[in-house]
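**Q** One file is attached below, protein23.cif, containing mmCIF, C-alpha atoms and all ligand atoms.
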data_my_file
#
loop_
_atom_site.label_atom_id
_atom_site.label_comp_id
_atom_site.auth_asym_id
_atom_site.auth_seq_id
_atom_site.Cartn_x
_atom_site.Cartn_y
_atom_site.Cartn_z
CA MET J 460 14.13 9.97 -19.81
CA ALA J 461 12.02 7.43 -21.66
CA PRO J 462 9.24 8.75 -23.92
CA VAL J 463 5.82 9.10 -22.26
CA ASP J 464 4.35 6.28 -24.36
CA SER J 465 6.92 3.81 -23.12
CA ARG J 466 6.41 4.95 -19.51
CA LEU J 467 2.66 4.45 -19.89
CA GLU J 468 3.38 1.04 -21.35
CA LEU J 469 5.54 0.25 -18.32
CA LEU J 470 2.75 1.36 -15.97
CA ARG J 471 0.25 -0.67 -17.93
CA SER J 472 2.38 -3.80 -17.76
CA VAL J 473 3.04 -3.59 -14.02
CA THR J 474 -0.52 -2.71 -13.07
CA GLU J 475 -2.04 -5.44 -15.23
CA THR J 476 0.24 -8.18 -13.92
CA ASP J 477 -1.49 -10.25 -11.25
CA GLY J 478 0.11 -10.17 -7.80
CA VAL J 479 -2.11 -10.81 -4.80
CA VAL J 480 -0.02 -10.76 -1.64
CA GLY J 481 1.97 -13.97 -1.38
CA HIS J 482 1.55 -14.63 -5.11
CA GLU J 483 3.80 -11.95 -6.63
CA ASP J 484 5.96 -14.23 -8.82
CA ALA J 485 4.74 -12.72 -12.09
CA VAL J 486 5.36 -9.16 -10.87
CA ARG J 487 8.82 -10.10 -9.61
CA ALA J 488 9.69 -11.69 -12.97
CA LEU J 489 8.46 -8.58 -14.79
CA MET J 490 10.52 -6.30 -12.55
CA ALA J 491 13.62 -8.45 -13.13
CA GLU J 492 13.04 -8.22 -16.86
CA ARG J 493 12.51 -4.44 -16.86
CA LEU J 494 15.44 -3.75 -14.53
CA ALA J 495 17.90 -5.97 -16.41
CA GLY J 496 20.95 -3.89 -17.29
CA VAL J 497 19.99 -1.00 -14.97
CA GLY J 498 21.98 -2.20 -11.95
CA ALA J 499 22.87 -5.19 -9.80
CA ILE J 500 19.76 -7.24 -9.05
CA SER J 501 19.32 -9.20 -5.85
CA TYR J 502 16.49 -10.77 -3.83
CA ASP J 503 15.82 -11.38 -0.16
CA ARG J 504 14.23 -14.42 1.43
CA GLN J 505 10.82 -12.74 1.49
CA GLY J 506 10.91 -12.43 -2.27
CA CYS J 507 11.62 -8.70 -2.48
CA ILE J 508 13.64 -7.63 -5.49
CA PHE J 509 16.35 -4.95 -5.30
CA CYS J 510 18.17 -3.14 -8.06
CA ALA J 511 21.22 -1.14 -6.97
CA LYS J 512 22.58 1.45 -9.37
CA THR J 513 25.81 3.10 -8.30
CA GLY J 514 26.51 6.65 -9.40
CA ALA J 515 29.71 8.67 -9.63
CA SER J 516 29.19 10.36 -6.25
CA ALA J 517 28.71 8.84 -2.79
CA SER J 518 25.71 11.07 -2.08
CA PRO J 519 22.84 11.58 -2.20
CA ARG J 520 21.66 8.02 -1.80
CA ILE J 521 18.11 7.61 -3.01
CA MET J 522 15.77 4.69 -2.51
CA LEU J 523 12.62 4.29 -4.57
CA ALA J 524 10.45 1.68 -2.90
CA ALA J 525 7.21 0.15 -4.11
CA HIS J 526 4.84 -2.67 -3.32
CA MET J 527 4.77 -5.61 -5.70
CA ASP J 528 1.49 -6.94 -4.37
CA GLU J 529 -2.07 -5.80 -4.97
CA ILE J 530 -5.31 -6.21 -3.11
CA GLY J 531 -7.43 -9.15 -4.18
CA PHE J 532 -9.05 -12.23 -2.72
CA LEU J 533 -8.39 -15.87 -1.88
CA VAL J 534 -10.69 -18.82 -2.48
CA LYS J 535 -12.25 -19.90 0.80
CA LEU J 536 -14.34 -22.86 -0.29
CA VAL J 537 -16.29 -24.30 -3.21
CA THR J 538 -20.04 -24.79 -2.77
CA ASP J 539 -21.92 -27.89 -3.96
CA GLU J 540 -23.14 -25.79 -6.90
CA GLY J 541 -19.57 -24.98 -8.02
CA LEU J 542 -19.60 -21.39 -6.75
CA LEU J 543 -16.57 -19.97 -4.94
CA ARG J 544 -16.81 -18.34 -1.54
CA PHE J 545 -13.91 -16.01 -1.06
CA THR J 546 -12.10 -13.91 1.48
CA PRO J 547 -10.66 -10.45 0.81
CA VAL J 548 -6.95 -9.68 0.95
CA GLY J 549 -6.47 -5.98 1.66
CA GLY J 550 -9.01 -3.23 2.22
CA TRP J 551 -12.15 -3.59 0.10
CA PHE J 552 -15.50 -1.83 0.38
CA ASP J 553 -18.23 -4.47 0.08
CA GLN J 554 -20.29 -2.07 -2.06
CA VAL J 555 -17.77 -2.11 -4.94
CA LEU J 556 -17.55 -5.88 -5.28
CA LEU J 557 -20.78 -7.00 -6.92
CA ALA J 558 -20.56 -7.64 -10.69
CA GLN J 559 -16.76 -7.22 -10.69
CA ARG J 560 -15.00 -9.53 -13.08
CA VAL J 561 -12.14 -11.42 -11.46
CA ARG J 562 -9.46 -13.89 -12.46
CA VAL J 563 -8.93 -17.02 -10.39
CA ALA J 564 -5.50 -18.63 -10.69
CA THR J 565 -5.62 -22.37 -10.05
CA ARG J 566 -3.14 -25.18 -10.57
CA LYS J 567 -4.81 -25.86 -13.92
CA GLY J 568 -5.01 -22.35 -15.31
CA SER J 569 -6.48 -18.90 -14.97
CA TYR J 570 -10.27 -18.53 -15.09
CA VAL J 571 -12.45 -15.47 -15.36
CA GLY J 572 -15.33 -15.27 -12.93
CA VAL J 573 -17.97 -12.75 -11.86
CA ILE J 574 -18.83 -11.78 -8.29
CA GLY J 575 -22.52 -12.31 -7.61
CA SER J 576 -25.07 -12.60 -4.84
CA LYS J 577 -28.71 -13.40 -4.28
CA PRO J 578 -30.54 -11.32 -6.94
CA PRO J 579 -32.55 -8.22 -5.90
CA HIS J 580 -35.94 -9.73 -6.80
CA LEU J 581 -35.38 -12.44 -4.20
CA LEU J 582 -34.55 -9.98 -1.42
CA GLN J 583 -36.93 -8.40 1.06
CA ASP J 584 -37.41 -4.62 0.57
CA GLU J 585 -35.45 -3.85 3.70
CA ASP J 586 -32.51 -6.06 2.64
CA ARG J 587 -32.46 -4.55 -0.83
CA ARG J 588 -31.63 -1.16 0.68
CA LYS J 589 -28.63 -2.54 2.62
CA VAL J 590 -25.10 -3.07 1.37
CA ILE J 591 -24.70 -6.74 0.48
CA GLN J 592 -22.08 -8.26 2.75
CA GLN J 593 -19.01 -9.74 1.06
CA ARG J 594 -19.32 -12.94 3.09
CA THR J 595 -22.64 -13.70 1.38
CA MET J 596 -21.27 -13.17 -2.13
CA PHE J 597 -19.79 -15.82 -4.41
CA ILE J 598 -17.74 -16.04 -7.57
CA ASP J 599 -19.20 -17.82 -10.56
CA ILE J 600 -16.51 -19.23 -12.88
CA GLY J 601 -18.96 -21.27 -14.93
CA ALA J 602 -18.59 -24.54 -13.04
CA THR J 603 -21.87 -26.33 -12.42
CA SER J 604 -20.75 -28.50 -9.50
CA LYS J 605 -18.15 -28.71 -6.76
CA ALA J 606 -16.56 -31.67 -8.53
CA GLN J 607 -16.24 -29.76 -11.80
CA ALA J 608 -14.79 -26.67 -10.08
CA GLU J 609 -12.23 -28.75 -8.20
CA GLU J 610 -11.29 -31.38 -10.77
CA GLU J 611 -11.73 -29.66 -14.13
CA PHE J 612 -10.89 -26.08 -13.11
CA GLY J 613 -8.45 -27.16 -10.38
CA VAL J 614 -9.83 -24.77 -7.75
CA ARG J 615 -8.46 -25.20 -4.23
CA PRO J 616 -8.86 -23.13 -1.08
CA GLY J 617 -6.17 -20.45 -0.97
CA ASP J 618 -6.05 -19.91 -4.75
CA PRO J 619 -5.46 -16.22 -5.50
CA ILE J 620 -8.11 -14.05 -7.15
CA VAL J 621 -7.51 -10.63 -8.71
CA PRO J 622 -9.93 -8.09 -10.15
CA VAL J 623 -9.93 -7.84 -13.93
CA SER J 624 -9.29 -4.13 -14.34
CA GLU J 625 -7.77 -2.78 -17.50
CA PHE J 626 -5.22 0.01 -17.18
CA CYS J 627 -6.35 3.43 -18.38
CA ALA J 628 -5.03 6.97 -18.10
CA LEU J 629 -7.41 9.62 -16.75
CA GLY J 630 -8.11 13.15 -17.91
CA ASP J 631 -7.71 14.92 -21.25
CA GLY J 632 -4.00 14.25 -21.35
CA ALA J 633 -3.51 10.53 -21.30
CA THR J 634 -0.15 11.20 -19.70
CA SER J 635 -1.46 12.83 -16.52
CA PRO J 636 -0.94 9.88 -14.13
CA VAL J 637 2.65 9.62 -15.27
CA HIS J 638 3.27 13.33 -15.00
CA SER J 639 1.72 13.65 -11.57
CA GLY J 640 3.83 10.73 -10.33
CA ILE J 641 7.03 12.25 -11.70
CA LYS J 642 6.12 15.69 -10.32
CA TYR J 643 5.56 14.16 -6.91
CA PHE J 644 8.96 12.45 -6.92
CA ARG J 645 10.68 15.62 -8.12
CA GLU J 646 9.11 17.69 -5.33
CA GLU J 647 10.08 15.08 -2.75
CA TYR J 648 13.61 14.97 -4.10
CA GLU J 649 13.98 18.76 -4.13
CA ALA J 650 12.63 19.07 -0.60
CA HIS J 651 15.29 16.66 0.64
CA ILE J 652 18.25 18.05 -1.27
CA ARG J 653 17.47 21.78 -1.44
CA ASP J 654 15.36 22.41 1.66
CA LYS J 655 16.80 19.62 3.85
CA LYS J 656 13.25 18.57 4.70
CA CYS J 657 11.48 15.26 4.43
CA PRO J 658 7.81 16.03 3.61
CA ALA J 659 6.74 12.56 4.78
CA HIS J 660 8.71 12.93 8.03
CA HIS J 661 10.40 9.59 7.44
CA CYS J 662 14.04 10.69 7.28
CA LYS J 663 15.07 11.08 10.90
CA GLU J 664 18.20 13.05 10.09
CA LEU J 665 16.07 15.75 8.42
CA LEU J 666 13.46 15.80 11.14
CA HIS J 667 13.22 18.16 14.13
CA LEU J 668 10.74 18.24 16.97
CA GLU J 669 9.28 21.45 18.29
CA ILE J 670 7.05 22.26 21.23
CA THR J 671 4.31 24.67 20.22
CA ASP J 672 2.25 27.13 22.26
CA LYS J 673 -0.30 24.38 22.91
CA CYS J 674 2.06 23.25 25.68
CA ARG J 675 0.46 23.39 29.16
CA GLY J 676 3.66 22.64 31.03
CA CYS J 677 2.42 19.32 32.39
CA THR J 678 6.05 18.00 32.37
CA ALA J 679 5.05 14.58 30.97
CA CYS J 680 7.46 14.92 28.04
CA PHE J 681 10.25 16.11 30.33
CA ARG J 682 9.85 12.97 32.43
CA VAL J 683 9.75 10.56 29.50
CA CYS J 684 12.68 11.91 27.49
CA PRO J 685 15.52 9.34 27.74
CA VAL J 686 18.31 11.84 27.01
CA GLY J 687 17.24 14.91 28.98
CA ALA J 688 16.63 16.94 25.83
CA ILE J 689 13.53 18.69 27.20
CA THR J 690 13.69 21.66 29.51
CA GLY J 691 10.99 23.68 31.23
CA GLN J 692 9.20 24.49 34.44
CA PRO J 693 5.80 23.13 35.53
CA ARG J 694 2.89 25.07 33.97
CA ALA J 695 5.26 26.85 31.56
CA ARG J 696 5.97 26.12 27.93
CA HIS J 697 8.71 23.52 27.53
CA ALA J 698 11.43 23.41 24.88
CA ILE J 699 13.50 20.78 23.12
CA ASP J 700 17.26 20.98 22.81
CA THR J 701 17.61 19.66 19.25
CA SER J 702 21.33 19.02 19.71
CA LYS J 703 20.51 16.39 22.36
CA CYS J 704 17.29 15.00 20.89
CA ILE J 705 17.66 11.51 19.41
CA LYS J 706 14.19 11.68 17.78
CA CYS J 707 12.77 8.69 19.60
CA GLU J 708 9.35 10.43 19.52
CA SER J 709 8.42 9.18 23.01
CA CYS J 710 7.49 12.74 23.97
CA ILE J 711 4.99 13.03 21.10
CA GLU J 712 3.17 9.93 22.30
CA LYS J 713 3.19 11.17 25.87
CA CYS J 714 1.85 14.67 25.23
CA HIS J 715 -1.94 14.69 25.64
CA PHE J 716 -2.20 18.22 24.28
CA GLY J 717 -0.74 17.60 20.81
CA ALA J 718 1.85 20.28 21.57
CA ILE J 719 4.83 18.55 20.03
CA ILE J 720 5.14 18.60 16.25
CA LYS J 721 7.59 17.32 13.66
CA VAL J 722 9.07 19.97 11.36
S1 LIG J 801 3.81 16.83 27.45
FE1 LIG J 801 3.00 18.40 26.08
S2 LIG J 801 1.91 19.81 27.36
FE2 LIG J 801 3.17 18.57 28.70
S3 LIG J 801 5.03 19.80 28.95
FE3 LIG J 801 5.39 18.41 27.27
S4 LIG J 801 4.81 19.52 25.43
FE4 LIG J 801 3.98 20.62 27.19
S1 LIG J 802 12.05 12.81 20.62
FE1 LIG J 802 12.84 11.54 22.28
S2 LIG J 802 14.87 12.36 22.63
FE2 LIG J 802 13.78 13.90 21.44
S3 LIG J 802 12.92 15.29 22.95
FE3 LIG J 802 11.35 13.76 22.50
S4 LIG J 802 11.64 12.16 24.05
FE4 LIG J 802 13.50 13.43 24.03
#
Just give me the structure of the file as structure tokens.

**A**
Amino acid sequence: MAPVDSRLELLRSVTETDGVVGHEDAVRALMAERLAGVGAISYDRQGCIFCAKTGASASPRIMLAAHMDEIGFLVKLVTDEGLLRFTPVGGWFDQVLLAQRVRVATRKGSYVGVIGSKPPHLLQDEDRRKVIQQRTMFIDIGATSKAQAEEEFGVRPGDPIVPVSEFCALGDGATSPVHSGIKYFREEYEAHIRDKKCPAHHCKELLHLEITDKCRGCTACFRVCPVGAITGQPRARHAIDTSKCIKCESCIEKCHFGAIIKV
């Protein structure tokens, strides 16, 4: 296993590489560089990158999947004053946006900007107590006119914007984020191999459905099951024959009493 410092360096490099959804080229190039020599690299038409490493045994087969993109923003329009209105990509709380530094990637380069709004001293008392809405905010990249922003800085609607946020490790031990990530993967791996359980309930072959004592015997699951895997009498607790169940989960959706669980 690589030393902790080099793993932190890897985390730093991937987290600090800009990659708003639809603009992940730099992240993809970095992944290709870091995975070179590890296994066979391929891409799909959506731009995903895959690295397949074949071991000595046919099983287990393990997939480690990750997003390449990050949440950010896109330029919506440029105002006459050279300020950028923007639209969020991904889930942002409006209250964390003001005063954030961002980087706007245009056809002419990458420019740092700051998210701003109407200043507090120009707001009514009542408005000052409210969360400023993102749609009223703007990004100042230092342009003094629309023409300068568009011609000199090259800003166009749709240009990607990312927050400028330096990587840092938290806690006394600078290695904790790395360790907690590795611990999580090890626990997941052990649950699959040793306990034959998928903690996230994603692996259908390791998943079983059970009807608990919340069952009221309404028969809705019995009627919806496409393979006749559910047995029971009206007003009595039902049961699932796991040898017949194809794990379609239709019964879970149908049960209004939350009586069917995944184990
Ligand atoms: S739908 Fe729910 S409550 Fe109704 S019989 Fe099935 S498990 Fe029991
Ligand atoms: S998961 Fe599908 S196949 Fe299995 S018991 Fe429920 S409805 Fe039937």

**Q** Can you tell me which residues surround Glu669 (chain J) at a distance of at most 7 Å, considering all atoms listed in the file, apart from same-chain residues fewer than 3 positions away, and format the answer as a list of chain:residue names?

**A**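 Contacts, in chain order: J:Ile699, J:Ile719, J:Ile720, J:Lys721.
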
**Q** Can you tell me which residues sit at most 8 Å away from ligand LIG 802 (chain J), counting only C-alpha atoms and all ligand atoms, written as a list in words?

**A**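 Based on only C-alpha atoms and all ligand atoms, ligand LIG 802 (chain J) is surrounded within 8 Å by Leu668, Cys680, Phe681, Val683, Cys684, Pro685, Val686, Gly687, Ala688, Ile689, Ile699, Asp700, Thr701, Lys703, Cys704, Ile705, Lys706, Cys707, Glu708, Ser709, Cys710 and Ile711 of chain J.
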
**Q** Which one of J:Val590, J:Ala602, J:Cys627, J:Val534 sits closest to Leu470 (chain J) if you count all atoms listed in the file?

**A**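 Looking only at the distances to Leu470 (chain J), the closest residue turns out to be J:Cys627.
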
**Q** Show me which residues are within 7 Å of ligand LIG 801 (chain J) counting all atoms listed in the file, and format the list as a PyMOL selection string.

**A** chain J and resi 670+673-681+696-697+710+713-719

**Q** So, counting all atoms listed in the file, which residue among J:Ala558, J:Val563, J:Val473, J:Ala495 is closest to Ala608 (chain J)?

**A**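 Ranked by minimum distance to Ala608 (chain J), first place goes to J:Val563.
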
**Q** For region 550-558 of chain J, I'd like the enclosing box, axis-aligned and padded by 5 Å on every side, reported as AutoDock Vina command-line options with centre and edge lengths in Å to one decimal.

**A**
--center_x -14.9 --center_y -4.7 --center_z -4.2 --size_x 21.8 --size_y 15.8 --size_z 22.9

**Q** Rounded to one decimal in Å, what is the spacing between CA of Leu536 (chain J) and CA of Gln607 (chain J)?

**A**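 Between CA of Leu536 (chain J) and CA of Gln607 (chain J) the gap is 13.6 Å.
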
**Q** Counting only C-alpha atoms, find the residues whose atoms lie at most 12 Å from (-1.8, -8.7, -12.9) (file coordinates) and write them out as a PyMOL selection string.

**A** chain J and resi 470-480+482-489+527-531+561-564+569+619-626

**Q** Hey, can you check how far CA of Arg615 (chain J) sits from CA of Lys567 (chain J)?

**A** 10.4 Å

**Q** Looking at J:His661, J:Arg682, J:Lys605, J:Lys655, which one is nearest to Glu540 (chain J), with distances taken over only C-alpha atoms?

**A**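 Counting only C-alpha atoms, the residue closest to Glu540 (chain J) is J:Lys605.
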
**Q** Just checking: using all atoms listed in the file, which residue out of J:Ala515, J:Val555, J:Ile574, J:Ala628 ends up closest to Glu468 (chain J)?

**A** J:Ala628

**Q** Since the input is missing atoms for region 669-695 of chain J, could you rebuild it with N, CA and C atoms and give the result as a compact mmCIF listing (two decimals), in the frame of the given file?

**A**
# COMPACT_ATOMS: atom_id res chain seq x y z
N GLU J 669 9.47 20.13 17.70
CA GLU J 669 9.28 21.45 18.29
C GLU J 669 8.11 21.40 19.26
N ILE J 670 8.19 22.16 20.31
CA ILE J 670 7.05 22.26 21.23
C ILE J 670 6.34 23.57 20.94
N THR J 671 5.07 23.49 20.63
CA THR J 671 4.31 24.67 20.22
C THR J 671 3.64 25.33 21.43
N ASP J 672 2.90 26.42 21.15
CA ASP J 672 2.25 27.13 22.26
C ASP J 672 1.02 26.40 22.80
N LYS J 673 0.76 25.19 22.29
CA LYS J 673 -0.30 24.38 22.91
C LYS J 673 0.18 23.77 24.22
N CYS J 674 1.48 23.86 24.47
CA CYS J 674 2.06 23.25 25.68
C CYS J 674 1.44 23.84 26.95
N ARG J 675 1.03 22.95 27.88
CA ARG J 675 0.46 23.39 29.16
C ARG J 675 1.46 23.26 30.30
N GLY J 676 2.66 22.78 29.98
CA GLY J 676 3.66 22.64 31.03
C GLY J 676 3.36 21.52 32.01
N CYS J 677 2.78 20.43 31.49
CA CYS J 677 2.42 19.32 32.39
C CYS J 677 3.64 18.49 32.80
N THR J 678 4.74 18.65 32.11
CA THR J 678 6.05 18.00 32.37
C THR J 678 6.11 16.53 31.95
N ALA J 679 5.04 16.00 31.35
CA ALA J 679 5.05 14.58 30.97
C ALA J 679 6.19 14.28 29.99
N CYS J 680 6.40 15.16 29.03
CA CYS J 680 7.46 14.92 28.04
C CYS J 680 8.83 14.99 28.70
N PHE J 681 8.99 15.94 29.60
CA PHE J 681 10.25 16.11 30.33
C PHE J 681 10.62 14.81 31.03
N ARG J 682 9.60 14.18 31.63
CA ARG J 682 9.85 12.97 32.43
C ARG J 682 10.12 11.75 31.55
N VAL J 683 9.58 11.75 30.33
CA VAL J 683 9.75 10.56 29.50
C VAL J 683 11.00 10.62 28.62
N CYS J 684 11.55 11.78 28.41
CA CYS J 684 12.68 11.91 27.49
C CYS J 684 13.90 11.13 28.01
N PRO J 685 14.42 10.18 27.24
CA PRO J 685 15.52 9.34 27.74
C PRO J 685 16.87 10.05 27.77
N VAL J 686 16.99 11.19 27.09
CA VAL J 686 18.31 11.84 27.01
C VAL J 686 18.31 13.24 27.62
N GLY J 687 17.27 13.59 28.33
CA GLY J 687 17.24 14.91 28.98
C GLY J 687 17.27 16.07 28.00
N ALA J 688 16.59 15.88 26.85
CA ALA J 688 16.63 16.94 25.83
C ALA J 688 15.54 17.99 26.04
N ILE J 689 14.64 17.76 27.00
CA ILE J 689 13.53 18.69 27.20
C ILE J 689 13.74 19.50 28.48
N THR J 690 13.55 20.79 28.34
CA THR J 690 13.69 21.66 29.51
C THR J 690 12.40 22.42 29.73
N GLY J 691 12.18 22.88 30.95
CA GLY J 691 10.99 23.68 31.23
C GLY J 691 10.55 23.54 32.67
N GLN J 692 9.74 24.48 33.08
CA GLN J 692 9.20 24.49 34.44
C GLN J 692 7.73 24.08 34.39
N PRO J 693 7.23 23.49 35.50
CA PRO J 693 5.80 23.13 35.53
C PRO J 693 4.93 24.34 35.19
N ARG J 694 3.88 24.08 34.41
CA ARG J 694 2.89 25.07 33.97
C ARG J 694 3.47 26.15 33.04
N ALA J 695 4.69 25.91 32.54
CA ALA J 695 5.26 26.85 31.56
C ALA J 695 5.63 26.07 30.30
